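One file, run-v9.txt, carrying compact mmCIF, C-alpha atoms and all ligand atoms:
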```txt
# COMPACT_ATOMS: atom_id res chain seq x y z
CA MET V 1 2.77 150.58 125.43
CA PRO V 2 3.33 148.59 128.65
CA THR V 3 6.78 148.83 130.21
CA ILE V 4 8.69 145.93 131.72
CA TYR V 5 7.54 146.97 135.20
CA ASP V 6 3.91 146.52 134.23
CA TYR V 7 4.55 142.76 134.12
CA GLU V 8 5.57 142.62 137.78
CA PRO V 9 2.05 142.01 139.17
CA ILE V 10 1.68 139.05 136.79
CA VAL V 11 5.07 137.31 137.07
CA GLY V 12 6.58 138.70 140.29
CA LYS V 13 9.42 141.05 141.12
CA ASP V 14 12.15 138.40 140.98
CA VAL V 15 11.48 137.71 137.34
CA ILE V 16 11.81 141.40 136.45
CA ASN V 17 14.98 141.74 138.53
CA GLU V 18 16.51 138.79 136.73
CA LEU V 19 15.68 140.28 133.32
CA GLU V 20 17.38 143.52 134.33
CA LEU V 21 20.45 141.66 135.54
CA LEU V 22 20.77 139.69 132.30
CA ALA V 23 20.21 142.80 130.19
CA SER V 24 22.90 144.69 132.11
CA LYS V 25 25.43 142.20 130.71
CA LEU V 26 24.32 142.81 127.16
CA THR V 27 24.38 146.59 126.86
CA ASN V 28 27.20 146.57 124.32
CA VAL V 29 25.62 143.98 122.03
CA SER V 30 23.31 144.77 119.11
CA VAL V 31 20.74 142.26 117.92
CA GLN V 32 19.06 142.41 114.51
CA HIS V 33 15.99 140.28 113.91
CA ILE V 34 15.12 139.44 110.31
CA ASN V 35 12.00 137.64 109.08
CA SER V 36 9.73 137.68 106.06
CA THR V 37 6.62 139.58 107.15
CA SER V 38 5.81 142.43 109.48
CA VAL V 39 2.16 141.42 109.88
CA GLY V 40 0.25 138.17 110.13
CA GLY V 41 1.31 134.95 111.76
CA GLY V 42 3.04 134.13 114.99
CA VAL V 43 6.55 135.38 114.23
CA ALA V 44 5.48 138.96 113.58
CA GLU V 45 3.14 138.74 116.55
CA ILE V 46 6.03 137.94 118.88
CA LEU V 47 8.57 140.36 117.39
CA MET V 48 6.14 143.25 117.67
CA ARG V 49 6.39 143.03 121.46
CA MET V 50 9.78 141.37 121.91
CA VAL V 51 11.72 144.11 120.09
CA PRO V 52 10.42 147.11 122.13
CA LEU V 53 10.89 145.22 125.40
CA LEU V 54 14.49 144.24 124.59
CA LYS V 55 15.15 147.88 123.68
CA GLU V 56 13.62 149.05 126.94
CA LEU V 57 15.91 146.67 128.78
CA GLY V 58 18.83 148.46 127.15
CA ILE V 59 19.72 146.01 124.37
CA ASN V 60 20.24 147.62 120.99
CA THR V 61 17.61 145.64 119.06
CA SER V 62 16.18 146.14 115.58
CA TRP V 63 13.89 144.25 113.23
CA ASP V 64 14.01 144.13 109.43
CA VAL V 65 11.93 142.27 106.87
CA ILE V 66 13.28 140.75 103.65
CA LYS V 67 11.81 141.71 100.30
CA GLY V 68 10.55 139.17 97.81
CA GLY V 69 8.20 138.99 94.86
CA GLU V 70 4.99 136.98 94.65
CA LYS V 71 6.79 134.01 93.06
CA PHE V 72 9.38 133.94 95.84
CA PHE V 73 6.66 133.70 98.50
CA GLU V 74 4.94 130.97 96.49
CA VAL V 75 8.20 129.00 96.62
CA THR V 76 8.71 129.65 100.34
CA LYS V 77 5.10 128.65 101.10
CA LYS V 78 5.75 125.40 99.20
CA MET V 79 8.86 124.96 101.29
CA HIS V 80 6.85 125.64 104.43
CA ASN V 81 4.33 122.97 103.40
CA ALA V 82 7.14 120.52 102.53
CA LEU V 83 8.75 121.01 105.93
CA HIS V 84 5.37 120.20 107.40
CA GLY V 85 5.48 116.88 105.60
CA GLN V 86 3.51 117.64 102.41
CA LYS V 87 4.78 115.97 99.23
CA VAL V 88 5.93 118.74 96.90
CA SER V 89 8.70 119.02 94.35
CA PHE V 90 10.74 122.03 93.33
CA SER V 91 11.95 122.95 89.87
CA GLN V 92 15.48 124.23 89.39
CA ASP V 93 13.99 127.66 88.58
CA GLU V 94 12.26 127.73 91.96
CA ILE V 95 15.43 126.81 93.79
CA ASP V 96 17.33 129.46 91.82
CA LEU V 97 14.70 132.07 92.67
CA PHE V 98 15.02 131.25 96.37
CA ILE V 99 18.80 131.57 96.24
CA GLN V 100 18.76 134.75 94.13
CA THR V 101 16.18 136.49 96.35
CA ASN V 102 18.26 135.72 99.41
CA GLU V 103 21.38 136.99 97.63
CA MET V 104 19.58 140.16 96.55
CA ASN V 105 18.47 140.79 100.14
CA SER V 106 21.92 140.12 101.53
CA ARG V 107 23.32 142.73 99.11
CA GLU V 108 20.64 145.34 99.73
CA MET V 109 20.01 145.00 103.46
CA ASP V 110 22.11 146.58 106.13
CA LEU V 111 23.20 143.46 108.05
CA ARG V 112 24.46 145.27 111.11
CA GLY V 113 23.65 143.24 114.25
CA ASP V 114 26.48 141.85 116.33
CA ILE V 115 23.99 139.05 116.62
CA MET V 116 22.03 138.29 113.47
CA PHE V 117 18.75 136.66 114.50
CA ILE V 118 17.17 135.05 111.43
CA HIS V 119 13.64 133.63 111.63
CA ASP V 120 12.38 130.68 109.59
CA PRO V 121 13.42 129.41 106.14
CA GLN V 122 12.53 132.42 103.96
CA PRO V 123 15.62 134.54 104.86
CA ILE V 124 17.85 131.60 105.85
CA GLY V 125 20.29 132.26 102.97
CA LEU V 126 21.38 135.63 104.36
CA VAL V 127 23.94 133.66 106.35
CA SER V 128 25.97 133.21 103.16
CA LYS V 129 27.17 136.79 103.76
CA ARG V 130 28.79 135.64 106.97
CA GLU V 131 32.12 134.82 105.32
CA LEU V 132 32.38 138.46 104.30
CA ILE V 133 31.03 140.29 107.35
CA GLY V 134 31.43 137.92 110.29
CA HIS V 135 29.01 138.48 113.23
CA LYS V 136 27.22 135.79 115.26
CA TRP V 137 24.26 134.08 113.64
CA ILE V 138 21.15 132.50 115.16
CA TRP V 139 18.62 130.59 113.08
CA ARG V 140 15.26 130.44 114.82
CA CYS V 141 12.78 127.96 113.41
CA HIS V 142 9.13 128.48 114.34
CA ILE V 143 7.68 125.62 112.35
CA ASP V 144 6.76 122.02 113.05
CA PHE V 145 9.85 120.05 112.09
CA SER V 146 8.67 116.63 113.15
CA HIS V 147 8.29 115.17 109.61
CA PRO V 148 10.14 117.37 107.09
CA ASP V 149 10.35 116.41 103.44
CA PRO V 150 13.92 115.03 103.03
CA PHE V 151 14.85 117.10 99.94
CA THR V 152 13.77 120.38 101.52
CA TRP V 153 15.45 119.49 104.79
CA ASP V 154 18.76 118.65 103.04
CA PHE V 155 18.58 121.90 101.11
CA LEU V 156 18.05 123.98 104.25
CA LYS V 157 20.52 122.01 106.33
CA LYS V 158 23.39 123.35 104.24
CA TYR V 159 22.42 126.83 105.34
CA ILE V 160 21.53 125.95 108.94
CA GLU V 161 24.97 124.52 109.58
CA LYS V 162 26.54 127.88 108.71
CA TYR V 163 24.87 129.39 111.80
CA ASP V 164 26.31 129.38 115.33
CA VAL V 165 23.17 127.97 116.82
CA SER V 166 19.66 126.89 115.87
CA VAL V 167 16.55 127.40 117.99
CA PHE V 168 13.46 125.18 117.86
CA SER V 169 10.11 125.51 119.64
CA ALA V 170 9.61 121.95 120.89
CA PRO V 171 11.77 118.90 121.71
CA ALA V 172 10.02 116.88 118.98
CA PHE V 173 11.65 119.12 116.36
CA ALA V 174 15.27 118.37 117.28
CA ARG V 175 17.30 117.28 114.23
CA ASP V 176 20.63 115.76 113.42
CA LEU V 177 22.79 118.88 113.03
CA LYS V 178 26.45 119.81 113.44
CA ILE V 179 25.59 123.00 115.30
CA PRO V 180 24.04 123.29 118.78
CA GLN V 181 20.25 123.20 119.00
CA VAL V 182 18.45 125.16 121.67
CA LEU V 183 14.86 124.68 122.75
CA ILE V 184 12.99 127.94 123.30
CA SER V 185 9.22 127.97 123.21
CA PRO V 186 7.36 131.00 121.91
CA SER V 187 5.24 133.17 124.18
CA ILE V 188 2.35 135.59 124.38
CA ASP V 189 2.25 139.07 125.80
CA PRO V 190 -0.41 139.25 128.52
CA LEU V 191 -0.58 143.06 128.25
CA SER V 192 -0.93 143.41 124.49
CA ASP V 193 -4.24 144.39 122.90
CA LYS V 194 -4.55 140.75 121.86
CA ASN V 195 -4.47 139.46 125.41
CA LYS V 196 -5.24 142.21 127.92
CA ASP V 197 -8.47 142.16 129.92
CA LEU V 198 -11.41 143.67 128.08
CA PRO V 199 -14.56 145.26 129.49
CA LYS V 200 -17.75 143.35 128.75
CA GLU V 201 -19.07 146.25 126.64
CA VAL V 202 -16.14 145.94 124.25
CA ILE V 203 -16.66 142.20 123.88
CA ASP V 204 -20.39 142.70 123.28
CA SER V 205 -19.81 145.44 120.75
CA VAL V 206 -17.50 143.19 118.73
CA LEU V 207 -20.12 140.43 118.75
CA ASP V 208 -22.78 142.93 117.69
CA ARG V 209 -20.58 144.22 114.89
CA PHE V 210 -20.20 140.69 113.48
CA LYS V 211 -23.86 139.87 114.24
CA ILE V 212 -22.91 136.95 116.47
CA ASP V 213 -25.56 135.99 119.04
CA LYS V 214 -24.14 136.43 122.54
CA ASN V 215 -26.89 134.29 124.07
CA ARG V 216 -25.94 131.05 122.32
CA PRO V 217 -22.68 129.12 122.72
CA ILE V 218 -19.84 130.30 120.49
CA VAL V 219 -17.11 127.93 119.27
CA THR V 220 -14.11 129.67 117.75
CA GLN V 221 -10.94 128.98 115.83
CA ILE V 222 -8.66 131.94 115.16
CA SER V 223 -6.16 131.18 112.38
CA ARG V 224 -4.84 132.28 109.09
CA PHE V 225 -6.84 130.50 106.36
CA ASP V 226 -4.30 127.76 105.77
CA TYR V 227 -4.83 124.04 104.98
CA LEU V 228 -2.57 123.16 107.88
CA LYS V 229 -5.02 124.82 110.29
CA ASP V 230 -7.72 122.50 108.86
CA PRO V 231 -10.61 124.99 108.68
CA LYS V 232 -12.64 122.47 106.67
CA GLY V 233 -12.17 119.91 109.44
CA VAL V 234 -13.42 122.49 111.92
CA ILE V 235 -16.61 122.93 109.92
CA GLN V 236 -17.15 119.16 109.85
CA VAL V 237 -16.70 119.04 113.62
CA PHE V 238 -19.22 121.84 114.02
CA GLN V 239 -21.75 120.16 111.73
CA LYS V 240 -21.54 116.94 113.75
CA VAL V 241 -21.99 118.71 117.09
CA ARG V 242 -24.69 121.12 116.02
CA LYS V 243 -27.06 118.18 115.37
CA TYR V 244 -27.20 117.74 119.14
CA ILE V 245 -26.36 121.13 120.64
CA ASP V 246 -27.37 124.57 119.49
CA CYS V 247 -24.17 126.57 118.89
CA GLN V 248 -22.42 128.95 116.53
CA LEU V 249 -19.03 128.64 114.84
CA VAL V 250 -16.60 131.49 114.31
CA LEU V 251 -13.65 130.95 111.98
CA ALA V 252 -11.68 134.15 112.01
CA GLY V 253 -8.36 135.11 110.54
CA GLY V 254 -6.65 137.22 107.96
CA GLY V 255 -3.68 136.58 105.76
CA ALA V 256 0.02 137.14 106.02
CA THR V 257 2.05 138.88 103.35
CA ASP V 258 4.30 135.83 103.10
CA ASP V 259 1.35 133.42 102.68
CA PRO V 260 -0.11 133.50 99.16
CA GLU V 261 -2.50 130.54 99.72
CA GLY V 262 -4.94 132.31 102.06
CA ALA V 263 -7.46 133.56 99.49
CA LYS V 264 -7.82 130.11 97.91
CA VAL V 265 -8.36 128.40 101.26
CA PHE V 266 -10.88 131.04 102.29
CA ALA V 267 -12.87 130.56 99.07
CA GLU V 268 -12.97 126.78 99.62
CA VAL V 269 -14.08 127.21 103.23
CA GLN V 270 -16.79 129.63 102.14
CA GLU V 271 -18.12 127.03 99.73
CA ILE V 272 -18.33 124.38 102.44
CA ALA V 273 -19.93 126.77 104.91
CA ALA V 274 -22.57 127.33 102.24
CA ASN V 275 -24.17 130.39 103.79
CA ASP V 276 -24.99 128.59 107.04
CA PRO V 277 -26.21 131.47 109.26
CA ASP V 278 -24.52 129.94 112.29
CA ILE V 279 -21.07 129.83 110.69
CA PHE V 280 -19.23 133.16 110.81
CA LEU V 281 -16.28 133.35 108.44
CA LEU V 282 -14.47 136.54 109.36
CA LEU V 283 -11.65 137.87 107.25
CA LEU V 284 -9.86 140.16 109.65
CA PRO V 285 -7.53 142.94 108.54
CA PRO V 286 -4.07 143.17 110.14
CA GLY V 287 -4.15 144.75 113.57
CA SER V 288 -7.52 143.25 114.56
CA ASP V 289 -6.13 142.48 117.99
CA ILE V 290 -9.05 143.77 120.04
CA GLU V 291 -11.48 141.89 117.80
CA ILE V 292 -9.53 138.63 118.22
CA ASN V 293 -9.21 139.19 121.95
CA ALA V 294 -12.98 139.79 122.20
CA LEU V 295 -13.86 136.75 120.07
CA GLN V 296 -11.64 134.52 122.19
CA ARG V 297 -13.13 135.92 125.39
CA ALA V 298 -16.70 135.52 124.11
CA SER V 299 -16.17 131.86 123.19
CA SER V 300 -17.55 128.93 125.13
CA VAL V 301 -14.85 126.70 123.62
CA VAL V 302 -11.81 127.50 121.49
CA LEU V 303 -10.58 125.01 118.87
CA GLN V 304 -7.17 124.68 117.24
CA LYS V 305 -7.56 121.76 114.89
CA SER V 306 -4.19 122.14 113.18
CA LEU V 307 -2.71 119.27 111.17
CA ARG V 308 0.79 120.58 111.93
CA GLU V 309 1.73 123.37 114.32
CA GLY V 310 5.06 124.93 115.28
CA PHE V 311 3.62 126.10 118.57
CA GLY V 312 0.17 127.59 118.14
CA LEU V 313 0.12 130.98 119.83
CA THR V 314 -3.64 130.96 119.50
CA VAL V 315 -3.77 128.09 122.00
CA ALA V 316 -1.78 130.08 124.57
CA GLU V 317 -3.93 133.15 123.88
CA ALA V 318 -7.15 131.25 124.56
CA LEU V 319 -5.78 129.46 127.65
CA TRP V 320 -4.59 132.80 129.03
CA LYS V 321 -8.22 133.89 128.84
CA SER V 322 -9.17 130.78 130.89
CA LYS V 323 -10.97 129.22 127.96
CA PRO V 324 -11.38 125.48 127.55
CA VAL V 325 -9.35 124.61 124.44
CA ILE V 326 -9.64 121.54 122.25
CA ALA V 327 -6.58 121.22 120.04
CA SER V 328 -4.82 118.63 117.92
CA ALA V 329 -1.98 116.76 119.57
CA VAL V 330 0.56 117.99 117.02
CA GLY V 331 3.79 120.00 117.05
CA GLY V 332 4.13 122.42 119.95
CA ILE V 333 0.52 122.12 121.13
CA PRO V 334 1.11 119.31 123.69
CA LEU V 335 3.61 121.61 125.44
CA GLN V 336 0.67 123.84 126.23
CA ILE V 337 -2.07 121.30 126.89
CA ALA V 338 -1.81 118.38 129.25
CA ASN V 339 -4.77 116.31 128.13
CA LYS V 340 -7.78 116.52 130.46
CA TYR V 341 -5.88 118.86 132.76
CA SER V 342 -5.29 122.12 130.90
CA GLY V 343 -7.42 121.38 127.84
CA LEU V 344 -8.31 118.48 125.58
CA LEU V 345 -6.03 116.99 122.93
CA THR V 346 -7.56 115.23 119.96
CA HIS V 347 -6.45 113.43 116.80
CA THR V 348 -9.50 113.19 114.55
CA ILE V 349 -12.67 114.97 113.50
CA GLU V 350 -14.75 112.44 115.46
CA GLY V 351 -12.60 112.88 118.56
CA THR V 352 -12.81 116.65 118.35
CA ALA V 353 -16.59 116.52 117.92
CA PHE V 354 -16.87 114.22 120.94
CA ALA V 355 -14.73 116.58 123.05
CA LEU V 356 -16.70 119.61 121.90
CA LYS V 357 -20.01 118.00 122.83
CA GLN V 358 -18.57 117.12 126.22
CA LEU V 359 -17.44 120.68 126.94
CA LEU V 360 -20.61 122.34 125.68
CA GLN V 361 -22.68 120.02 127.86
CA ASN V 362 -20.48 120.39 130.93
CA PRO V 363 -19.34 124.01 131.32
CA ALA V 364 -18.03 123.34 134.85
CA TYR V 365 -15.45 120.92 133.39
CA GLY V 366 -14.49 123.59 130.88
CA LEU V 367 -13.99 126.15 133.64
CA LYS V 368 -11.60 123.82 135.45
CA LEU V 369 -9.58 123.11 132.29
CA GLY V 370 -9.45 126.84 131.52
CA ALA V 371 -8.24 127.75 135.00
CA ASN V 372 -5.47 125.14 134.88
CA GLY V 373 -4.58 126.27 131.38
CA LYS V 374 -4.20 129.89 132.42
CA GLU V 375 -1.85 128.98 135.25
CA HIS V 376 0.24 126.80 132.91
CA ILE V 377 0.60 129.70 130.47
CA ARG V 378 1.45 132.12 133.28
CA LYS V 379 4.29 129.89 134.44
CA ASN V 380 5.70 128.88 131.08
CA PHE V 381 4.62 130.86 128.06
CA LEU V 382 4.60 134.56 128.83
CA ILE V 383 6.92 136.99 127.11
CA THR V 384 9.01 137.51 130.25
CA ARG V 385 10.19 133.86 130.12
CA HIS V 386 10.91 134.27 126.44
CA LEU V 387 12.98 137.43 127.05
CA ARG V 388 15.00 135.57 129.65
CA ASP V 389 15.68 132.65 127.30
CA TYR V 390 16.75 134.94 124.47
CA MET V 391 19.07 136.94 126.70
CA LEU V 392 20.65 133.73 128.00
CA LEU V 393 21.15 132.66 124.41
CA PHE V 394 22.81 135.98 123.54
CA LEU V 395 25.07 135.67 126.58
CA SER V 396 26.04 132.13 125.60
CA LEU V 397 27.04 133.41 122.15
CA GLU V 398 29.00 136.31 123.60
CA HIS V 399 30.82 133.86 125.86
CA LYS V 400 31.22 131.05 123.35
CA GLY V 401 33.58 128.41 124.72
CA ASP V 402 33.30 129.52 128.37
CA ASP V 403 32.03 126.84 130.74
CA VAL V 404 30.53 129.37 133.12
CA VAL V 405 29.17 132.86 132.54
CA PHE V 406 29.50 134.95 135.68
CA LEU V 407 26.70 137.43 136.22
N1 LIG H 501 -3.60 136.21 114.17
C1 LIG H 501 -3.99 137.50 113.93
N2 LIG H 501 -4.87 137.74 112.94
C2 LIG H 501 -5.37 136.74 112.20
C3 LIG H 501 -4.97 135.41 112.44
C4 LIG H 501 -4.08 135.17 113.44
O1 LIG H 501 -3.57 138.44 114.62
O2 LIG H 501 -6.17 137.04 111.33
C5 LIG H 501 -2.63 135.99 115.24
C6 LIG H 501 -3.06 135.01 116.29
O3 LIG H 501 -3.85 135.68 117.26
C7 LIG H 501 -1.70 134.55 116.80
C8 LIG H 501 -0.85 134.55 115.54
O4 LIG H 501 -1.46 135.46 114.65
O5 LIG H 501 -1.17 135.50 117.69
C9 LIG H 501 -0.80 133.18 114.90
O6 LIG H 501 0.19 132.44 115.51
P1 LIG H 501 0.13 130.87 115.54
O7 LIG H 501 1.36 130.40 116.23
O8 LIG H 501 -1.17 130.43 116.15
O9 LIG H 501 0.09 130.40 114.02
P2 LIG H 501 0.93 130.81 112.70
O10 LIG H 501 0.04 131.76 111.95
O11 LIG H 501 2.22 131.42 113.13
O12 LIG H 501 1.07 129.52 111.96
```
Represent the supplied structure as structure tokens.
Ligand code: UDP
Amino acid sequence: MPTIYDYEPIVGKDVINELELLASKLTNVSVQHINSTSVGGGVAEILMRMVPLLKELGINTSWDVIKGGEKFFEVTKKMHNALHGQKVSFSQDEIDLFIQTNEMNSREMDLRGDIMFIHDPQPIGLVSKRELIGHKWIWRCHIDFSHPDPFTWDFLKKYIEKYDVSVFSAPAFARDLKIPQVLISPSIDPLSDKNKDLPKEVIDSVLDRFKIDKNRPIVTQISRFDYLKDPKGVIQVFQKVRKYIDCQLVLAGGGATDDPEGAKVFAEVQEIAANDPDIFLLLLPPGSDIEINALQRASSVVLQKSLREGFGLTVAEALWKSKPVIASAVGGIPLQIANKYSGLLTHTIEGTAFALKQLLQNPAYGLKLGANGKEHIRKNFLITRHLRDYMLLFLSLEHKGDDVVFL
């Protein structure tokens, strides 16, 4: 496991010194993260590295996961889709199940952090225990909140306003709330298995294992199989482009324990791909970090054709590997890609196909976009910046009401 000092060559000594200074003011504070899955999806991906690094810095940090049955996660996935703007309705039984599961967790879990750091809607109701146990409460939302369904938003808002502070990933998600809202973008860990440099032999062996031809261009989208990642749209893009340029498509991703829709989406995508030998649909088990790293590194172009996106860690991951990325201009993605500078932003299948043709025909342009993209990620979206933001947030909570916090 890399230590905090291993990041110094990437971000500079000053950044590490500042992290140590901030952490030295938080040694008597405990922070407990709670979310709804330990594997799959961006939240788990970040916590897996964030928690050990905060601990190493001397902050008493822990991470727990709520329990819920299959039905509960069906309801929370519906909620997730509704917050992303999909029209859905909830029965009273579904609402009751959501409330009861949160109550059950708040009874059974040891809610011990001085700072309770709750991620996303699934465990949002734990805050109801606040009246009994006190503590400071942060609600961190990782999803695209630009067009939430009004009913679902009103339902969640009652919980959100019981927190001390809410955290969103992008300015476009700011809402009308009685509590302060803080903007903190997610991040990637440049030294994790997902993002570290890989020898060519490792990349080649992954391609061989999946029988992908390393001598023809590879276009990749890494994502859970989720409608909001638009895997079917990706296939349509590929089919348009392949008429003109020989290339292969890799759609790779596994599931998440809090996402019950994955198998259905995968089956639909399989049907559309219809055994095309140039389309590789890879269902990856949890922990396939080296495989994902290798697939991203082997790609000529990386796509992220999401219809909604809280941030899109996969975009940062690909840019960090200096890849040209074509991604939808939704949610947190435009924070990462300045169009035609650090990647290409698109809005439609036709536009994405046009951009893909352009990049496959002009690799030098892609190299330039990739190089700019990597620098943008280095400056803004590495885990060291994220650690700093979180520690500043903790300090602001510990010094609530003070105009100035002296370090
Ligand atoms: N990921 C993974 N395995 C998969 C699919 C995705 O490890 O099968 C990772 C991916 O590399 C990224 C994260 O999960 O780090 C997905 O985060 P993102 O913000 O892109 O989307 P989310 O799944 O949170 O909507």
Measuring atom to atom with only C-alpha atoms and all ligand atoms, identify which of V:Gly58, V:Pro231, V:Pro148, V:Gly41 is nearest to ligand LIG 501 (chain H).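 Counting only C-alpha atoms and all ligand atoms, the residue closest to ligand LIG 501 (chain H) is V:Gly41.
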Between V:Pro334, V:Gly310, V:Gly253, V:Gly113, which is the closest to V:Phe266 once you count only C-alpha atoms?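 For V:Phe266, the nearest of the given residues is V:Gly253.
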Give me the residues near stretch 241-251 of chain V as a PDB file with C-alpha atoms, keeping the file's coordinate frame, where near means some atom within 9 Å (using all atoms listed in the file) and where sequence neighbours in that chain fewer than 5 positions away do not count.
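Now in result.pdb:
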```
ATOM      1  CA  ILE V 212     -22.910 136.950 116.470  1.00  0.00           C
ATOM      2  CA  ASP V 213     -25.560 135.990 119.040  1.00  0.00           C
ATOM      3  CA  ARG V 216     -25.940 131.050 122.320  1.00  0.00           C
ATOM      4  CA  PRO V 217     -22.680 129.120 122.720  1.00  0.00           C
ATOM      5  CA  ILE V 218     -19.840 130.300 120.490  1.00  0.00           C
ATOM      6  CA  VAL V 219     -17.110 127.930 119.270  1.00  0.00           C
ATOM      7  CA  THR V 220     -14.110 129.670 117.750  1.00  0.00           C
ATOM      8  CA  GLN V 221     -10.940 128.980 115.830  1.00  0.00           C
ATOM      9  CA  ILE V 222      -8.660 131.940 115.160  1.00  0.00           C
ATOM     10  CA  SER V 223      -6.160 131.180 112.380  1.00  0.00           C
ATOM     11  CA  PHE V 225      -6.840 130.500 106.360  1.00  0.00           C
ATOM     12  CA  PRO V 231     -10.610 124.990 108.680  1.00  0.00           C
ATOM     13  CA  VAL V 234     -13.420 122.490 111.920  1.00  0.00           C
ATOM     14  CA  ILE V 235     -16.610 122.930 109.920  1.00  0.00           C
ATOM     15  CA  GLN V 236     -17.150 119.160 109.850  1.00  0.00           C
ATOM     16  CA  PRO V 277     -26.210 131.470 109.260  1.00  0.00           C
ATOM     17  CA  ASP V 278     -24.520 129.940 112.290  1.00  0.00           C
ATOM     18  CA  ILE V 279     -21.070 129.830 110.690  1.00  0.00           C
ATOM     19  CA  PHE V 280     -19.230 133.160 110.810  1.00  0.00           C
ATOM     20  CA  LEU V 281     -16.280 133.350 108.440  1.00  0.00           C
ATOM     21  CA  LEU V 282     -14.470 136.540 109.360  1.00  0.00           C
ATOM     22  CA  LEU V 283     -11.650 137.870 107.250  1.00  0.00           C
ATOM     23  CA  LEU V 295     -13.860 136.750 120.070  1.00  0.00           C
ATOM     24  CA  SER V 299     -16.170 131.860 123.190  1.00  0.00           C
ATOM     25  CA  ALA V 353     -16.590 116.520 117.920  1.00  0.00           C
ATOM     26  CA  PHE V 354     -16.870 114.220 120.940  1.00  0.00           C
ATOM     27  CA  LEU V 356     -16.700 119.610 121.900  1.00  0.00           C
ATOM     28  CA  LYS V 357     -20.010 118.000 122.830  1.00  0.00           C
ATOM     29  CA  LEU V 360     -20.610 122.340 125.680  1.00  0.00           C
ATOM     30  CA  GLN V 361     -22.680 120.020 127.860  1.00  0.00           C
TER      31      GLN V 361
END
```
Please write out the residues within 10 Å of ligand LIG 501 (chain H) as a PyMOL selection string, counting all atoms listed in the file. chain V and resi 39-46+142-144+186-189+194-195+221-226+228-229+251-256+259+282-293+296+304+306+308-318+332-333
Report as number ranges by chain all protein, DNA and RNA residues lying within 7 Å of stretch 19-28 of chain V, evaluated on all atoms listed in the file, omitting residues in the same chain fewer than 3 positions from it. V: 15-16, 57-59, 388, 391
Can you tell me, as a PDB file with C-alpha atoms, in the coordinates of the input, which residues sit within 12 Å of (8.3, 142.8, 119.3) in the file's frame, using all atoms listed in the file?
```
ATOM      1  CA  MET V   1       2.770 150.580 125.430  1.00  0.00           C
ATOM      2  CA  GLN V  32      19.060 142.410 114.510  1.00  0.00           C
ATOM      3  CA  HIS V  33      15.990 140.280 113.910  1.00  0.00           C
ATOM      4  CA  ILE V  34      15.120 139.440 110.310  1.00  0.00           C
ATOM      5  CA  SER V  38       5.810 142.430 109.480  1.00  0.00           C
ATOM      6  CA  VAL V  39       2.160 141.420 109.880  1.00  0.00           C
ATOM      7  CA  GLY V  42       3.040 134.130 114.990  1.00  0.00           C
ATOM      8  CA  VAL V  43       6.550 135.380 114.230  1.00  0.00           C
ATOM      9  CA  ALA V  44       5.480 138.960 113.580  1.00  0.00           C
ATOM     10  CA  GLU V  45       3.140 138.740 116.550  1.00  0.00           C
ATOM     11  CA  ILE V  46       6.030 137.940 118.880  1.00  0.00           C
ATOM     12  CA  LEU V  47       8.570 140.360 117.390  1.00  0.00           C
ATOM     13  CA  MET V  48       6.140 143.250 117.670  1.00  0.00           C
ATOM     14  CA  ARG V  49       6.390 143.030 121.460  1.00  0.00           C
ATOM     15  CA  MET V  50       9.780 141.370 121.910  1.00  0.00           C
ATOM     16  CA  VAL V  51      11.720 144.110 120.090  1.00  0.00           C
ATOM     17  CA  PRO V  52      10.420 147.110 122.130  1.00  0.00           C
ATOM     18  CA  LEU V  53      10.890 145.220 125.400  1.00  0.00           C
ATOM     19  CA  LEU V  54      14.490 144.240 124.590  1.00  0.00           C
ATOM     20  CA  LYS V  55      15.150 147.880 123.680  1.00  0.00           C
ATOM     21  CA  GLU V  56      13.620 149.050 126.940  1.00  0.00           C
ATOM     22  CA  THR V  61      17.610 145.640 119.060  1.00  0.00           C
ATOM     23  CA  SER V  62      16.180 146.140 115.580  1.00  0.00           C
ATOM     24  CA  TRP V  63      13.890 144.250 113.230  1.00  0.00           C
ATOM     25  CA  ASP V  64      14.010 144.130 109.430  1.00  0.00           C
ATOM     26  CA  SER V 187       5.240 133.170 124.180  1.00  0.00           C
ATOM     27  CA  ILE V 188       2.350 135.590 124.380  1.00  0.00           C
ATOM     28  CA  ASP V 189       2.250 139.070 125.800  1.00  0.00           C
ATOM     29  CA  SER V 192      -0.930 143.410 124.490  1.00  0.00           C
ATOM     30  CA  ILE V 383       6.920 136.990 127.110  1.00  0.00           C
ATOM     31  CA  HIS V 386      10.910 134.270 126.440  1.00  0.00           C
ATOM     32  CA  LEU V 387      12.980 137.430 127.050  1.00  0.00           C
TER      33      LEU V 387
END
```
